[in-house]
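Source file: input_7.txt. Holds: compact mmCIF, C-alpha atoms.
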# COMPACT_ATOMS: atom_id res chain seq x y z
CA MET A 29 -32.00 -45.38 82.92
CA ALA A 30 -31.29 -41.92 84.36
CA PHE A 31 -33.53 -38.97 83.62
CA ASP A 32 -32.09 -36.49 81.11
CA TYR A 33 -31.99 -33.24 83.10
CA ALA A 34 -29.85 -31.62 80.41
CA SER A 35 -32.86 -31.73 78.08
CA VAL A 36 -35.00 -30.13 80.80
CA ARG A 37 -32.42 -27.35 81.09
CA ALA A 38 -32.40 -26.90 77.31
CA THR A 39 -36.19 -26.53 77.37
CA ALA A 40 -36.04 -24.05 80.27
CA ASP A 41 -33.30 -22.07 78.48
CA ARG A 42 -35.38 -21.97 75.30
CA LEU A 43 -38.53 -20.76 77.11
CA ILE A 44 -36.68 -18.11 79.13
CA THR A 45 -34.97 -16.89 75.96
CA ARG A 46 -38.34 -16.66 74.22
CA PHE A 47 -40.28 -14.95 77.01
CA GLY A 48 -37.51 -13.22 78.96
CA ALA A 49 -35.09 -10.42 78.20
CA PRO A 50 -31.36 -9.78 78.47
CA LEU A 51 -30.28 -8.12 81.73
CA SER A 52 -26.91 -7.16 83.18
CA LEU A 53 -25.70 -9.00 86.28
CA ARG A 54 -22.90 -7.20 88.12
CA ARG A 55 -20.56 -8.33 90.85
CA TYR A 56 -17.50 -6.66 92.32
CA VAL A 57 -14.13 -8.38 92.55
CA THR A 58 -11.53 -7.14 95.04
CA SER A 59 -7.87 -7.20 94.09
CA GLY A 60 -4.67 -5.39 95.02
CA GLU A 61 -2.99 -4.91 98.37
CA SER A 62 -4.99 -5.52 101.54
CA ASP A 63 -4.30 -1.97 102.75
CA ASN A 64 -5.35 -0.49 99.38
CA PRO A 65 -7.87 -2.86 97.78
CA VAL A 66 -9.34 -2.17 94.36
CA ARG A 67 -12.98 -3.09 93.67
CA THR A 68 -13.58 -3.80 90.00
CA PRO A 69 -17.03 -4.49 88.56
CA GLU A 70 -17.54 -7.58 86.42
CA ILE A 71 -20.66 -7.67 84.27
CA GLN A 72 -22.27 -10.53 82.43
CA THR A 73 -25.42 -10.55 80.35
CA ILE A 74 -28.06 -12.95 81.62
CA THR A 75 -31.43 -13.85 80.18
CA ALA A 76 -34.32 -13.72 82.64
CA ALA A 77 -38.07 -13.51 82.92
CA VAL A 78 -38.94 -11.10 85.75
CA PHE A 79 -42.20 -11.19 87.71
CA ASP A 80 -43.97 -9.32 90.50
CA TYR A 81 -44.70 -11.33 93.63
CA ARG A 82 -48.33 -12.20 94.27
CA SER A 83 -49.81 -10.14 97.10
CA GLN A 84 -50.29 -13.25 99.24
CA ASP A 85 -46.54 -13.99 98.97
CA ILE A 86 -45.52 -10.61 100.42
CA ASP A 87 -44.92 -11.24 104.13
CA GLY A 88 -43.24 -7.94 105.04
CA THR A 89 -40.08 -9.64 106.30
CA VAL A 90 -38.47 -11.89 103.68
CA ILE A 91 -40.51 -10.63 100.73
CA LEU A 92 -41.35 -6.92 100.77
CA ALA A 93 -43.79 -4.92 98.67
CA GLY A 94 -41.96 -3.96 95.50
CA ASP A 95 -39.70 -7.02 95.44
CA MET A 96 -39.60 -9.00 92.21
CA TRP A 97 -38.41 -12.46 91.29
CA ALA A 98 -36.61 -13.67 88.20
CA LEU A 99 -36.21 -16.98 86.43
CA VAL A 100 -32.70 -16.92 84.98
CA LYS A 101 -31.46 -19.11 82.15
CA ALA A 102 -28.87 -21.50 83.63
CA GLY A 103 -27.00 -22.23 80.42
CA GLY A 104 -24.01 -20.12 79.45
CA LEU A 105 -23.41 -18.26 82.72
CA ALA A 106 -19.84 -17.07 83.29
CA TRP A 107 -20.44 -17.21 87.05
CA ALA A 108 -23.32 -18.12 89.32
CA PRO A 109 -25.71 -15.44 90.55
CA ALA A 110 -25.32 -14.74 94.27
CA LYS A 111 -26.76 -12.61 97.05
CA GLY A 112 -25.38 -9.06 96.98
CA GLN A 113 -24.86 -8.89 93.23
CA GLN A 114 -26.83 -6.35 91.19
CA VAL A 115 -29.17 -6.63 88.22
CA ASP A 116 -29.75 -3.73 85.83
CA ARG A 117 -33.28 -3.83 84.44
CA ALA A 118 -35.13 -1.12 82.52
CA GLY A 119 -32.74 1.58 83.72
CA GLU A 120 -33.01 0.58 87.38
CA THR A 121 -30.58 -1.28 89.61
CA TRP A 122 -31.91 -4.16 91.69
CA ARG A 123 -30.00 -5.96 94.43
CA VAL A 124 -30.03 -9.77 94.50
CA GLU A 125 -31.47 -10.67 97.91
CA SER A 126 -31.32 -14.42 97.30
CA ALA A 127 -30.19 -16.72 94.51
CA GLU A 128 -31.22 -20.35 94.39
CA THR A 129 -30.84 -22.94 91.69
CA ILE A 130 -33.06 -25.83 90.82
CA SER A 131 -30.39 -28.43 90.31
CA PRO A 132 -31.57 -32.06 90.22
CA ALA A 133 -28.74 -34.59 89.94
CA GLY A 134 -26.21 -31.75 89.78
CA THR A 135 -27.59 -30.18 86.59
CA ASN A 136 -28.46 -26.50 87.01
CA VAL A 137 -31.84 -26.23 85.28
CA VAL A 138 -32.80 -22.67 86.24
CA TRP A 139 -31.83 -19.94 88.73
CA ILE A 140 -34.43 -18.14 90.85
CA LEU A 141 -33.46 -14.67 92.09
CA ARG A 142 -35.28 -12.46 94.59
CA LEU A 143 -34.68 -8.82 93.63
CA ARG A 144 -35.08 -5.60 95.62
CA LYS A 145 -34.50 -1.93 94.76
Could you write out this file's structure as structure tokens?
Amino acid sequence: MAFDYASVRATADRLITRFGAPLSLRRYVTSGESDNPVRTPEIQTITAAVFDYRSQDIDGTVILAGDMWALVKAGGLAWAPAKGQQVDRAGETWRVESAETISPAGTNVVWILRLRK
């Protein structure tokens, strides 16, 4: 009998919804002619719980002072978070430095983003 990772995702989604907050995730899509491209922002609302890194996790190279990390609800995303996208949180814009998913057996349970101003 296979483990039910969909129920794990449902639990993670429920907890992140309860303890997180809605944020805007923005990416830019390029269209038009190659000599005159048009960059258009696409925005989706995500639900995330955002945390400071512990001081012992800040190494000064990969994780810098001031970086934050976010647990993002995997259910209902229009597109996957990715490096280079932007998150609007509390009136500030944060750049996604890395985006990883915990995805056992192909089921996205939760996304983990590293954010930097």
Could you check which of A:Pro109, A:Gly88, A:Gly104, A:Gly60 is closest to Ile140 of chain A, using all atoms listed in the file?
A:Pro109
What is the atom CA of Ser59 of chain A-atom CA of Asn136 of chain A distance in Å, reported with one decimal?
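Atom-to-atom, atom CA of Ser59 of chain A to atom CA of Asn136 of chain A, that is 29.1 Å.
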Pick the closest to Ile91 of chain A from A:Ala34, A:Ile71, A:Leu105, A:Leu141: which is it, counting all atoms listed in the file?
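Going through A:Ala34, A:Ile71, A:Leu105, A:Leu141 one by one, the smallest distance to Ile91 of chain A is for A:Leu141.
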Can you work out the spacing between atom CA of Ala93 of chain A and atom CA of Ala108 of chain A in Å, to one decimal?
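Computing the Euclidean distance for atom CA of Ala93 of chain A and atom CA of Ala108 of chain A yields 26.1 Å.
Nearest to Ile86 of chain A of all the residues A:Arg42, A:Ala30, A:Arg142, A:Arg54 is A:Arg142, based on all atoms listed in the file.
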With a distance cut-off of 9 Å and all atoms listed in the file, select the neighbouring residues of Lys145 of chain A, excluding the residue or stretch itself and same-chain residues fewer than 4 positions from it, and output the selection as a PDB file with C-alpha atoms, keeping the file's coordinate frame.
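Saved the output as out_25.pdb:
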ATOM      1  CA  GLY A  94     -41.960  -3.960  95.500  1.00  0.00           C
ATOM      2  CA  ASP A  95     -39.700  -7.020  95.440  1.00  0.00           C
ATOM      3  CA  GLU A 120     -33.010   0.580  87.380  1.00  0.00           C
ATOM      4  CA  THR A 121     -30.580  -1.280  89.610  1.00  0.00           C
ATOM      5  CA  TRP A 122     -31.910  -4.160  91.690  1.00  0.00           C
ATOM      6  CA  ARG A 123     -30.000  -5.960  94.430  1.00  0.00           C
TER       7      ARG A 123
END
Between atom CA of Tyr81 of chain A and atom CA of Leu51 of chain A - distance in Å to one decimal
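Distance reported for this atom pair: 19.0 Å.
Closest approach to Ile74 of chain A among A:Leu99, A:Leu43, A:Leu92, A:Val57: A:Leu99, based on only C-alpha atoms.
Counting only C-alpha atoms, the residue from A:Val78, A:Leu53, A:Ala38, A:Ala98 that sits nearest to Asp116 of chain A is A:Leu53.
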Is it possible to get the residues within 12 Å of (-29.5, -24.9, 91.3) (coordinates as in the file, counting only C-alpha atoms) written as a VMD selection string?
chain A and resid 33 37 99 to 103 108 to 110 127 to 141
Near-Ala49 of chain A list (8 Å; all atoms listed in the file; drop same-chain fewer than 4 positions) as a ChimeraX atom specification:
/A:44-45,75-77
Return the single residue from A:Arg144, A:Val36, A:Phe31, A:Trp107 that is closest to Val90 of chain A, with distances computed using only C-alpha atoms.
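Smallest separation from Val90 of chain A among the options: A:Arg144.
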Neighbouring residues of Lys111 of chain A were defined as those with any atom within 6 Å, considering all atoms listed in the file; residues of the same chain fewer than 6 positions away were excluded. Please report them as a PDB file with C-alpha atoms, in the frame of the given file.
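In the end it all went to part.pdb:
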ATOM      1  CA  VAL A 124     -30.030  -9.770  94.500  1.00  0.00           C
ATOM      2  CA  GLU A 125     -31.470 -10.670  97.910  1.00  0.00           C
ATOM      3  CA  SER A 126     -31.320 -14.420  97.300  1.00  0.00           C
ATOM      4  CA  ALA A 127     -30.190 -16.720  94.510  1.00  0.00           C
TER       5      ALA A 127
END
